[in-house]
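> Before I ask anything, here is the structure I am working with.
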Amino acid sequence: MADHGGGGGCCPPMDLFRSEPMHLVQIIIPIESAHSTASYLGDIGLIQFKDLNAEKSPFQRTYAGQIKRCGEMARKLRFFKDQMSKAGFTPSGKTDAQVDINLDDLEVNLGNLEAELIEINANGEKLQRGYNELLEYKLVLQKAGEFFRVAHSSAVAQQSESALDQAPEESLETPLLMDEESKTDQGKQVKLGFLAGLVPKEKTMAFERILFRATRGNVFLRQATVEEAVTDPSSGEKVLKNVFLVFFSGERAKSKVLKICEAFGANRYPFAEDLSKQEQIIAEVSGRISELKTTIDLGLVHRGNLLQRIGEQYERWNLLVRKEKSIYHTLNMLSIDVTRKCLVAEGWSPIYATEKIQDALERATIDSNSQVGAIFQVLHTKELPPTFFQTNKFTDSFQTIVDAYGVAKYQEANPGVYTIVTFPFLFAVMFGDWGHGIILLLSTLFLIFKEKKYSTQKLGDIMEMTFGGRYVILLMSLFSIYTGLIYNEFFSVPFELFSPSAYVCRDAACSEATTIGLIKGRDTYPFGVDPAWHGSRSELPFLNSLKMKMSILIGVAQMNLGIIMSFFNAVYFGNAVNIWFQFIPQMIFLNGLFGYLSLLIIVKWCTGSKADLYHVMIYMFLSPTDELGENQLFANQKTVQLVLLLLSLIAVPWMLLPKPFILKAQHKRTHEGQSYTPLEGEDNSLQVEANHDSHDHEEFEFSEIFVHQLIHTIEFVLGAVSNTASYLRLWALSLAHSELSTVFYEKVLLLAWGYNNILILIVGIIVFVFATVGVLLVMETLSAFLHALRLHWVEFQNKFYEGDGYKFHPFTFASLGDDEE
């Protein structure tokens with residue numbers, strides 16, 4: 001949990017092992033100082049208020065109107081932010097903290113700014129629409145005018161060629177089409193009408209086809225392609241269009257053409273047939289376009305200045321509105337006493353924060369000029385308090401790993417303390433390679449170096465998760481370098497870092513691929529694995545055996561730590577039943593079998609014995625009285641095994657049978673007397689009941705308790721076996737990581753090097769880099785992380801950790817900047 005200990009003064013030393021002692025407090029606040037009190041309490045962030053109006057809907061609460069008012073101001077601020085985002089402005093992070101802002105003045109100011117910005121936007125949109133229409137109109141005049149100029153030139157040429165054949169009365173002014181009746185009656189000449197405009201390019205084929213069918217071919221359509229996309233006046237989007245010119249005859253045909261243009265979204269514009277008039281209109285349109293462009297630019301400058309002025313104050317305004325809204329949300333949780341004109345608040349707070357809270361109440365009374373101060377008092381309750389661990393940016397990510405499994409019960413031992421060390425160490429056991437560890441370290445140091453920048457930015461889900469766990473990854477990389485030095489692996493390549501190998505060749509026929517001919521000629525390699533072991537394939541089974549046995553030792557040690565943690569919990573809560581009938585038999589059972597196995601591994605390493613530990617452990621159960629022979633590691637080993645086997649068998653009924661009967665007797669004795677005893681003193685820490693199994697039921701369900709204990713016993717006995725085997729994943733993933741590194745190095749990099757071709761070498765290096773980053777530094781890192789997570793959640797924490805508590809979420813302004821509305 002993040003550190004909520006804000007405000008003035010210093011916090012007590014952080015204790016990650018137990019949650020902060022909490023108490024339930026009641027504050028009686030005069031109505032006139034309610035707002036100031038909530039403001040000061042939000043600044044220190046050390047009270048989690050209880051909702052005393054849970055039965056009321058949000059609209060029935062006292063300060064519903066103020067929340068609605070703040071919500072409206074928040075809406076205006078979101079509108080401003082959206083407008084600034086569209087304009088490319090970024091709200092300034094600089095705030096004038098010395099200047100106080102009145103909420104009423106801010107409300108009026110925001111309203112005026114919104115009205116002004118809406119008016120500017122409306123005028124700008126109207127002008128832009130007119131500007132876009134004029135641009136389209138100019139295109140139509142240019143393209144359609146070209147049709148008429150070409151037709152006119154063609155008609156002049158035809159007239160000059162056929163001047164002798166033309167009738168005297170025919171001229172260029174003669175209509176293009178005449179019906180039969182008009183040929184005989186020159187007074188009935190038919191003149192064609194036309195429409196001009198633009199139609200979207202993807203609709204031109206359908207447009208032409210529909211025109212032809214609707215008029216039965218009695219139209220003449222000309223089109224010209226516009227090379228660049230134009231801005232559509234209606235939608236404001238860039239669209240590829242064609243200029244069209246439709247000739248028709250009669251009003252009926254005109255009506256059909258108009259309807260088709262409307263259906264296809266074609267924009268129509270007026271057009272003059274006279275060429276000189278066309279030139280005049282083009283000049284007029286160009287002038288209007290220039291004027292509109294100047295007006296639009298001035299409007300954009302004015303809008304930009306307004307948005308810049310808003311951006312300079314946006315963060316201050318936004319913080320104030322969100323702060324006020326959170327204050328009124330909190331006040332709505334308080335119970336109002338109309339007769340005494342006061343608000344009654346109840347909430348949880350750390351005991352150490354009592355003085356800070358009282359100081360905040362005094363300052364709020366002075367600031368509000370209230371004649372009556374707030375009353376602070378401690379309440380006594382058996383309700384379980386929230387869990388509060390003070391963390392910093394380093395420990396917070398480790399606590400998050402634990403909380404993802406479950407929040408610790410109040411005052412329960414916190415596994416986050418040990419997770420700081422055990423989690424990166426178990427990861428490193430699986431990921432051990434100091435070359436990969438260095439790359440991981442450099443990546444993490446980059447995130448830490450950019451910490452201030454990235455902490456204020458919105459990152460993607462994966463990047464945000466990686467950045468949040470940067471200190472976990474930092475320790476993971478450092479531990480990986482350490483285990484990599486122990487394994488003596490640098491991208492799977494061994495190095496003689498600390499001294500030459502202890503093994504030398506006996507003769508010239510010695511080969512690096514075999515141990516034949518290798519003899520120990522120097523002192524033992526001082527740190528980690530001797531580099532000769534990596535070049536010797538016959539020695540790899542020994543190295544694998546070393547990692548496998550080390551995994552068992554680590555697993556048994558961590559499971560013992562989990563059981564010891566359960567002992568600490570039992571002692572802290574005064575639960576003697578769990579000490580005698582849970583902790584002791586569990587320790588006997590686990591160490592009678594797997595603790596003994598760990599002891600045998602260490603003895604074998606120290607003595608150099610060739611004893612078969614598999615044979616020893618199997619026949620310890622199958623034939624416990626048989627002689628061990630060459631598998632004996634120490635004197636009286638058979639007797640020790642018989643005693644441990646007998647104690648392990650006794651531990652099972654020891655865990656199962658006595659505890660339900662003892663709990664039943666305790667329950668009976670408790671309910672014969674007084675169920676509740678008064679607590680003395682206001683500052684005493686709230687104590688959790690020692691017996692967590694009875695749950696204050698009037699009737700003791702013996703069958704349920706017995707079945708629960710039976711399940712718990714079976715789970716522990718089977719889990720002791722399965723959990724120990726589960727720790728072998730440390731060995732398996734370490735082996736997989738090492739083998740993959742070897743494959744990429746030998747089958748990609750060395751293979752490419754062997755061709756003596758620069759192109760193949762470059763390709764090989766690229767493939768090696770991508771394989772190393774993609775597989776070993778991404779997939780293998782994630783795999784080892786998840787397996788380390790499972791080992792902590794299941795194999796370690798299930799020994800002692802209930803994780804059924806709930807977090808302490810105080811009322812604080814510190815997190816307002818991190819949350820979106």
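In the structure tokens, chains take letters A, B, ... by order of appearance, with residues numbered from 1 within each chain and ligands from 1 in the order shown.
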Pick out the residues sitting within 12 Å of Met548 (chain A), and hand them over as a count of residues only; count only C-alpha atoms, and ignore anything fewer than 4 positions along from it in its own chain.
24
> For Ala784 (chain A), list every protein, DNA or RNA residue within 8 Å, evaluated using only C-alpha atoms, and leave out those in the same chain fewer than 2 positions away; present the list as a ChimeraX atom specification.
/A:427,430-431,733,780-782,786-788
> Take the selection from the previous step and output its residues with N, CA, C and O atoms, as a PDB file, in the first residue's frame.

```
ATOM      1  N   PHE A 427      13.806 -15.714  -8.140  1.00  0.00           N
ATOM      2  CA  PHE A 427      13.853 -15.380  -9.566  1.00  0.00           C
ATOM      3  C   PHE A 427      15.266 -15.600 -10.111  1.00  0.00           C
ATOM      4  O   PHE A 427      15.448 -16.173 -11.180  1.00  0.00           O
ATOM      5  N   MET A 430      16.468 -19.089 -10.965  1.00  0.00           N
ATOM      6  CA  MET A 430      15.995 -19.594 -12.256  1.00  0.00           C
ATOM      7  C   MET A 430      16.604 -18.839 -13.432  1.00  0.00           C
ATOM      8  O   MET A 430      16.664 -19.361 -14.548  1.00  0.00           O
ATOM      9  N   PHE A 431      17.045 -17.610 -13.211  1.00  0.00           N
ATOM     10  CA  PHE A 431      17.473 -16.733 -14.304  1.00  0.00           C
ATOM     11  C   PHE A 431      18.981 -16.508 -14.290  1.00  0.00           C
ATOM     12  O   PHE A 431      19.488 -15.639 -14.990  1.00  0.00           O
ATOM     13  N   LEU A 733      13.816 -24.522 -14.477  1.00  0.00           N
ATOM     14  CA  LEU A 733      13.908 -23.292 -15.249  1.00  0.00           C
ATOM     15  C   LEU A 733      15.339 -22.808 -15.381  1.00  0.00           C
ATOM     16  O   LEU A 733      15.703 -22.195 -16.393  1.00  0.00           O
ATOM     17  N   GLU A 780      11.657 -15.453 -20.888  1.00  0.00           N
ATOM     18  CA  GLU A 780      12.238 -16.146 -19.732  1.00  0.00           C
ATOM     19  C   GLU A 780      12.126 -15.301 -18.461  1.00  0.00           C
ATOM     20  O   GLU A 780      11.907 -15.841 -17.371  1.00  0.00           O
ATOM     21  N   THR A 781      12.259 -13.993 -18.586  1.00  0.00           N
ATOM     22  CA  THR A 781      12.082 -13.118 -17.424  1.00  0.00           C
ATOM     23  C   THR A 781      10.662 -13.217 -16.898  1.00  0.00           C
ATOM     24  O   THR A 781      10.433 -13.347 -15.687  1.00  0.00           O
ATOM     25  N   LEU A 782       9.697 -13.148 -17.810  1.00  0.00           N
ATOM     26  CA  LEU A 782       8.297 -13.252 -17.400  1.00  0.00           C
ATOM     27  C   LEU A 782       7.996 -14.620 -16.802  1.00  0.00           C
ATOM     28  O   LEU A 782       7.291 -14.737 -15.793  1.00  0.00           O
ATOM     29  N   LEU A 786       6.777 -15.262 -12.947  1.00  0.00           N
ATOM     30  CA  LEU A 786       5.517 -15.929 -12.594  1.00  0.00           C
ATOM     31  C   LEU A 786       5.748 -17.136 -11.705  1.00  0.00           C
ATOM     32  O   LEU A 786       4.969 -17.398 -10.775  1.00  0.00           O
ATOM     33  N   HIS A 787       6.806 -17.882 -11.949  1.00  0.00           N
ATOM     34  CA  HIS A 787       7.093 -19.043 -11.103  1.00  0.00           C
ATOM     35  C   HIS A 787       7.523 -18.606  -9.702  1.00  0.00           C
ATOM     36  O   HIS A 787       7.145 -19.244  -8.710  1.00  0.00           O
ATOM     37  N   ALA A 788       8.297 -17.539  -9.612  1.00  0.00           N
ATOM     38  CA  ALA A 788       8.660 -17.008  -8.293  1.00  0.00           C
ATOM     39  C   ALA A 788       7.415 -16.509  -7.562  1.00  0.00           C
ATOM     40  O   ALA A 788       7.276 -16.676  -6.344  1.00  0.00           O
TER      41      ALA A 788
END
```
> List the spatial neighbours of Val338 (chain A) as a PyMOL selection string - criterion: any atom at most 12 Å away, only C-alpha atoms, same-chain residues fewer than 6 positions off excluded.
chain A and resi 30-31+62+344
> Check the DSSP output for the backbone and give back, as a list of chain:residue names, the residues of region 334-457 of chain A in strand (DSSP E).
A:Ser335, A:Ile336, A:Asp337, A:Cys342, A:Leu343, A:Val344, A:Ala345, A:Glu346, A:Gly347, A:Trp348, A:Ser349, A:Pro350, A:Ile375, A:Phe376, A:Gln377, A:Val378, A:Leu379
> Once you have the residues from the selection above, write them out as a PDB file, in the first residue's frame, restricted to N, CA, C and O atoms.

```pdb
ATOM      1  N   SER A 335     -23.006  11.821   9.475  1.00  0.00           N
ATOM      2  CA  SER A 335     -24.377  11.914   9.981  1.00  0.00           C
ATOM      3  C   SER A 335     -24.608  13.328  10.495  1.00  0.00           C
ATOM      4  O   SER A 335     -23.772  13.884  11.219  1.00  0.00           O
ATOM      5  N   ILE A 336     -25.743  13.917  10.114  1.00  0.00           N
ATOM      6  CA  ILE A 336     -26.040  15.286  10.511  1.00  0.00           C
ATOM      7  C   ILE A 336     -26.974  15.289  11.711  1.00  0.00           C
ATOM      8  O   ILE A 336     -27.974  14.561  11.753  1.00  0.00           O
ATOM      9  N   ASP A 337     -26.631  16.087  12.714  1.00  0.00           N
ATOM     10  CA  ASP A 337     -27.459  16.268  13.905  1.00  0.00           C
ATOM     11  C   ASP A 337     -28.053  17.667  13.828  1.00  0.00           C
ATOM     12  O   ASP A 337     -27.383  18.664  14.122  1.00  0.00           O
ATOM     13  N   CYS A 342     -24.597  20.080  14.046  1.00  0.00           N
ATOM     14  CA  CYS A 342     -23.252  19.522  13.900  1.00  0.00           C
ATOM     15  C   CYS A 342     -23.302  18.271  13.032  1.00  0.00           C
ATOM     16  O   CYS A 342     -24.360  17.708  12.782  1.00  0.00           O
ATOM     17  N   LEU A 343     -22.134  17.866  12.556  1.00  0.00           N
ATOM     18  CA  LEU A 343     -21.966  16.635  11.805  1.00  0.00           C
ATOM     19  C   LEU A 343     -21.181  15.644  12.654  1.00  0.00           C
ATOM     20  O   LEU A 343     -20.231  16.023  13.350  1.00  0.00           O
ATOM     21  N   VAL A 344     -21.578  14.374  12.583  1.00  0.00           N
ATOM     22  CA  VAL A 344     -20.921  13.321  13.354  1.00  0.00           C
ATOM     23  C   VAL A 344     -20.185  12.413  12.371  1.00  0.00           C
ATOM     24  O   VAL A 344     -20.793  11.858  11.449  1.00  0.00           O
ATOM     25  N   ALA A 345     -18.865  12.291  12.569  1.00  0.00           N
ATOM     26  CA  ALA A 345     -18.051  11.447  11.696  1.00  0.00           C
ATOM     27  C   ALA A 345     -17.455  10.306  12.498  1.00  0.00           C
ATOM     28  O   ALA A 345     -17.114  10.468  13.672  1.00  0.00           O
ATOM     29  N   GLU A 346     -17.346   9.147  11.843  1.00  0.00           N
ATOM     30  CA  GLU A 346     -16.661   7.998  12.426  1.00  0.00           C
ATOM     31  C   GLU A 346     -15.691   7.458  11.387  1.00  0.00           C
ATOM     32  O   GLU A 346     -15.995   7.444  10.188  1.00  0.00           O
ATOM     33  N   GLY A 347     -14.548   7.019  11.866  1.00  0.00           N
ATOM     34  CA  GLY A 347     -13.575   6.479  10.925  1.00  0.00           C
ATOM     35  C   GLY A 347     -12.384   5.863  11.622  1.00  0.00           C
ATOM     36  O   GLY A 347     -12.194   6.000  12.838  1.00  0.00           O
ATOM     37  N   TRP A 348     -11.583   5.170  10.825  1.00  0.00           N
ATOM     38  CA  TRP A 348     -10.381   4.511  11.333  1.00  0.00           C
ATOM     39  C   TRP A 348      -9.177   5.407  11.102  1.00  0.00           C
ATOM     40  O   TRP A 348      -9.053   6.046  10.055  1.00  0.00           O
ATOM     41  N   SER A 349      -8.284   5.416  12.058  1.00  0.00           N
ATOM     42  CA  SER A 349      -7.043   6.161  11.903  1.00  0.00           C
ATOM     43  C   SER A 349      -5.940   5.465  12.683  1.00  0.00           C
ATOM     44  O   SER A 349      -6.215   4.786  13.684  1.00  0.00           O
ATOM     45  N   PRO A 350      -4.679   5.606  12.243  1.00  0.00           N
ATOM     46  CA  PRO A 350      -3.569   5.051  13.028  1.00  0.00           C
ATOM     47  C   PRO A 350      -3.475   5.764  14.377  1.00  0.00           C
ATOM     48  O   PRO A 350      -3.750   6.953  14.496  1.00  0.00           O
ATOM     49  N   ILE A 375     -15.068  17.991  18.455  1.00  0.00           N
ATOM     50  CA  ILE A 375     -14.824  17.067  19.566  1.00  0.00           C
ATOM     51  C   ILE A 375     -14.291  15.762  18.998  1.00  0.00           C
ATOM     52  O   ILE A 375     -14.903  15.154  18.126  1.00  0.00           O
ATOM     53  N   PHE A 376     -13.129  15.339  19.493  1.00  0.00           N
ATOM     54  CA  PHE A 376     -12.464  14.118  19.032  1.00  0.00           C
ATOM     55  C   PHE A 376     -12.475  13.103  20.168  1.00  0.00           C
ATOM     56  O   PHE A 376     -12.062  13.421  21.288  1.00  0.00           O
ATOM     57  N   GLN A 377     -12.944  11.881  19.881  1.00  0.00           N
ATOM     58  CA  GLN A 377     -12.944  10.841  20.908  1.00  0.00           C
ATOM     59  C   GLN A 377     -12.758   9.470  20.260  1.00  0.00           C
ATOM     60  O   GLN A 377     -13.096   9.263  19.093  1.00  0.00           O
ATOM     61  N   VAL A 378     -12.197   8.552  21.050  1.00  0.00           N
ATOM     62  CA  VAL A 378     -11.917   7.194  20.584  1.00  0.00           C
ATOM     63  C   VAL A 378     -13.081   6.291  20.971  1.00  0.00           C
ATOM     64  O   VAL A 378     -13.566   6.328  22.100  1.00  0.00           O
ATOM     65  N   LEU A 379     -13.534   5.473  20.003  1.00  0.00           N
ATOM     66  CA  LEU A 379     -14.603   4.501  20.258  1.00  0.00           C
ATOM     67  C   LEU A 379     -13.994   3.118  20.401  1.00  0.00           C
ATOM     68  O   LEU A 379     -12.951   2.822  19.826  1.00  0.00           O
TER      69      LEU A 379
END
```
> Can you measure CA of Arg522 (chain A) to CA of Leu497 (chain A) for me? One decimal in Å is fine.
15.1 Å
> Using only C-alpha atoms, which protein or nucleic acid residues come within 9 Å of Glu227 (chain A)? Drop anything in the same chain fewer than 2 positions from it, and give the result as a tab-separated table (two decimals) with all heavy atoms, in the first residue's frame.

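Wrote it out as around-v4.tsv, contents follow:
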```tsv
chain	number	residue	atom	x	y	z
A	225	THR	N	-11.94	15.09	-62.88
A	225	THR	CA	-11.37	14.64	-61.60
A	225	THR	C	-10.59	15.77	-60.93
A	225	THR	O	-9.82	16.48	-61.60
A	225	THR	CB	-10.42	13.45	-61.83
A	225	THR	OG1	-11.15	12.39	-62.46
A	225	THR	CG2	-9.86	12.96	-60.50
A	229	ALA	N	-7.59	16.00	-52.58
A	229	ALA	CA	-8.80	15.90	-51.76
A	229	ALA	C	-9.23	17.29	-51.30
A	229	ALA	O	-8.38	18.14	-50.99
A	229	ALA	CB	-8.57	14.99	-50.56
A	240	LEU	N	-12.03	12.90	-51.71
A	240	LEU	CA	-11.74	12.99	-53.14
A	240	LEU	C	-13.06	13.14	-53.89
A	240	LEU	O	-13.99	12.36	-53.71
A	240	LEU	CB	-11.00	11.73	-53.61
A	240	LEU	CG	-9.54	11.62	-53.17
A	240	LEU	CD1	-9.00	10.24	-53.51
A	240	LEU	CD2	-8.69	12.69	-53.84
A	241	LYS	N	-13.13	14.16	-54.77
A	241	LYS	CA	-14.38	14.44	-55.47
A	241	LYS	C	-14.13	14.67	-56.96
A	241	LYS	O	-13.00	14.92	-57.39
A	241	LYS	CB	-15.06	15.67	-54.86
A	241	LYS	CG	-15.60	15.47	-53.45
A	241	LYS	CD	-16.42	16.66	-53.00
A	241	LYS	CE	-17.05	16.41	-51.63
A	241	LYS	NZ	-17.94	17.51	-51.21
A	242	ASN	N	-15.23	14.56	-57.69
A	242	ASN	CA	-15.24	14.87	-59.12
A	242	ASN	C	-16.19	16.04	-59.36
A	242	ASN	O	-17.28	16.09	-58.76
A	242	ASN	CB	-15.71	13.68	-59.96
A	242	ASN	CG	-14.61	12.64	-60.11
A	242	ASN	OD1	-13.52	12.79	-59.58
A	242	ASN	ND2	-14.91	11.58	-60.85
```
> Neighbouring residues of Ile67 (chain A) were defined as those with any atom within 9 Å, considering only C-alpha atoms; residues of the same chain fewer than 4 positions away were excluded. Please report them as a PDB file with C-alpha atoms, in the first residue's frame.

```
ATOM      1  CA  TYR A  63     -24.454  18.024  -0.022  1.00  0.00           C
ATOM      2  CA  GLY A  71     -19.561  17.998 -11.370  1.00  0.00           C
ATOM      3  CA  GLU A  72     -20.735  20.722 -13.740  1.00  0.00           C
ATOM      4  CA  GLU A 324     -13.982  20.372  -3.416  1.00  0.00           C
ATOM      5  CA  LYS A 325     -15.865  17.449  -4.899  1.00  0.00           C
ATOM      6  CA  SER A 326     -13.978  14.963  -2.707  1.00  0.00           C
ATOM      7  CA  TYR A 328     -18.411  17.129  -0.269  1.00  0.00           C
ATOM      8  CA  HIS A 329     -18.394  13.403  -1.018  1.00  0.00           C
TER       9      HIS A 329
END
```
> For a quick check of understanding, using only C-alpha atoms, which of A:Leu110, A:Val199, A:Thr37, A:Phe79 has the smallest distance to Glu262 (chain A)?
A:Val199
> Among region 301-417 of chain A, which residues carry a DSSP assignment of alpha helix (DSSP H), reported as a count of residues only?
58
> Please provide as a compact mmCIF listing (two decimals) with N, CA and C atoms, in the first residue's frame all residues within 12 Å of Val556 (chain A), with the sequence filter that same-chain residues fewer than 3 positions apart are discarded (counting only C-alpha atoms).

```txt
# COMPACT_ATOMS: atom_id res chain seq x y z
N LYS A 549 19.46 -30.25 -5.97
CA LYS A 549 19.52 -30.37 -4.51
C LYS A 549 19.46 -28.99 -3.85
N MET A 550 20.06 -27.99 -4.51
CA MET A 550 19.98 -26.63 -3.97
C MET A 550 18.52 -26.15 -3.96
N SER A 551 17.74 -26.53 -4.97
CA SER A 551 16.33 -26.14 -5.02
C SER A 551 15.57 -26.75 -3.85
N ILE A 552 15.87 -28.00 -3.51
CA ILE A 552 15.20 -28.64 -2.38
C ILE A 552 15.57 -27.93 -1.08
N LEU A 553 16.84 -27.60 -0.91
CA LEU A 553 17.27 -26.90 0.30
C LEU A 553 16.57 -25.55 0.44
N MET A 559 9.75 -23.03 3.35
CA MET A 559 8.55 -23.58 3.98
C MET A 559 8.68 -23.57 5.50
N ASN A 560 9.87 -23.82 6.01
CA ASN A 560 10.09 -23.70 7.46
C ASN A 560 9.88 -22.27 7.93
N LEU A 561 10.32 -21.31 7.11
CA LEU A 561 10.10 -19.91 7.45
C LEU A 561 8.61 -19.60 7.52
N GLY A 562 7.83 -20.18 6.59
CA GLY A 562 6.39 -19.97 6.62
C GLY A 562 5.75 -20.50 7.89
N ILE A 563 6.18 -21.69 8.33
CA ILE A 563 5.64 -22.26 9.56
C ILE A 563 6.06 -21.44 10.77
N MET A 587 6.00 -28.54 12.15
CA MET A 587 7.46 -28.52 12.11
C MET A 587 8.02 -29.94 12.18
N PHE A 589 6.52 -32.79 11.26
CA PHE A 589 6.23 -33.55 10.05
C PHE A 589 7.12 -33.10 8.90
N LEU A 590 7.20 -31.79 8.69
CA LEU A 590 7.98 -31.28 7.56
C LEU A 590 9.45 -31.63 7.70
N ASN A 591 10.02 -31.40 8.89
CA ASN A 591 11.45 -31.62 9.07
C ASN A 591 11.79 -33.08 9.34
N GLY A 592 10.80 -33.86 9.80
CA GLY A 592 11.04 -35.28 9.97
C GLY A 592 11.26 -35.98 8.64
N LEU A 593 10.72 -35.40 7.57
CA LEU A 593 10.88 -36.01 6.24
C LEU A 593 11.82 -35.17 5.38
N PHE A 594 11.39 -33.98 5.04
CA PHE A 594 12.14 -33.18 4.07
C PHE A 594 13.27 -32.38 4.73
N GLY A 595 13.12 -32.05 6.00
CA GLY A 595 14.25 -31.46 6.70
C GLY A 595 15.38 -32.47 6.83
N TYR A 596 15.00 -33.74 7.06
CA TYR A 596 16.00 -34.81 7.13
C TYR A 596 16.68 -35.01 5.78
N LEU A 597 15.91 -34.93 4.69
CA LEU A 597 16.48 -35.02 3.35
C LEU A 597 17.49 -33.90 3.12
N SER A 598 17.15 -32.69 3.55
CA SER A 598 18.06 -31.56 3.40
C SER A 598 19.34 -31.81 4.19
N LEU A 599 19.21 -32.38 5.38
CA LEU A 599 20.38 -32.69 6.19
C LEU A 599 21.28 -33.71 5.48
N ALA A 720 3.01 -30.76 1.86
CA ALA A 720 4.42 -30.87 2.21
C ALA A 720 5.19 -31.62 1.13
N VAL A 721 4.53 -32.61 0.54
CA VAL A 721 5.17 -33.38 -0.54
C VAL A 721 5.14 -32.59 -1.84
N SER A 722 3.94 -32.11 -2.21
CA SER A 722 3.80 -31.44 -3.50
C SER A 722 4.55 -30.11 -3.52
N ASN A 723 4.54 -29.40 -2.40
CA ASN A 723 5.24 -28.11 -2.37
C ASN A 723 6.75 -28.29 -2.49
N THR A 724 7.28 -29.33 -1.83
CA THR A 724 8.72 -29.60 -1.96
C THR A 724 9.07 -29.93 -3.40
N ALA A 725 8.23 -30.75 -4.04
CA ALA A 725 8.47 -31.06 -5.45
C ALA A 725 8.32 -29.82 -6.32
N SER A 726 7.43 -28.90 -5.90
CA SER A 726 7.20 -27.70 -6.69
C SER A 726 8.44 -26.82 -6.74
N TYR A 727 9.26 -26.87 -5.70
CA TYR A 727 10.47 -26.06 -5.70
C TYR A 727 11.50 -26.56 -6.71
N LEU A 728 11.28 -27.74 -7.26
CA LEU A 728 12.19 -28.24 -8.30
C LEU A 728 12.09 -27.42 -9.58
N LEU A 791 5.58 -19.57 -6.20
CA LEU A 791 6.26 -20.14 -5.03
C LEU A 791 5.98 -19.33 -3.78
N GLU A 795 3.39 -21.95 -2.10
CA GLU A 795 4.27 -22.77 -1.27
C GLU A 795 4.68 -22.07 0.03
N PHE A 796 4.78 -20.74 0.01
CA PHE A 796 5.25 -20.02 1.20
C PHE A 796 4.09 -19.45 2.01
```
> Please list as a count of residues only every residue within 9 Å of region 649-666 of chain A, counting only C-alpha atoms and excluding residues in the same chain fewer than 5 positions away.
29
> In terms of the shortest atom-to-atom distance over only C-alpha atoms, which of A:Ala206, A:Ala266, A:Ile758, A:Leu331 is closest to Asn53 (chain A)?
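Of all the options, A:Leu331 lies closest to Asn53 (chain A).
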> Between CA of Leu319 (chain A) and CA of Lys76 (chain A), what is the distance, to one decimal in Å?
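Distance reported for this atom pair: 13.5 Å.
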> Figure out the distance between CA of Gly42 (chain A) and CA of Ala814 (chain A), please, to one decimal in Å.
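Interatomic distance here is 8.2 Å.
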> Which residues of region 460-486 of chain A come within 8 Å of region 383-401 of chain A, and what is each one's closest atom pair and distance in Å (one decimal), counting only C-alpha atoms, sorted by chain and residue number, as JSON lines?

```
{"residue": "A:Gly468", "atom": "CA", "partner": "A:Ser397", "partner_atom": "CA", "distance": 6.7}
{"residue": "A:Gly469", "atom": "CA", "partner": "A:Ser397", "partner_atom": "CA", "distance": 5.5}
{"residue": "A:Tyr471", "atom": "CA", "partner": "A:Phe394", "partner_atom": "CA", "distance": 5.8}
{"residue": "A:Val472", "atom": "CA", "partner": "A:Ser397", "partner_atom": "CA", "distance": 6.7}
```
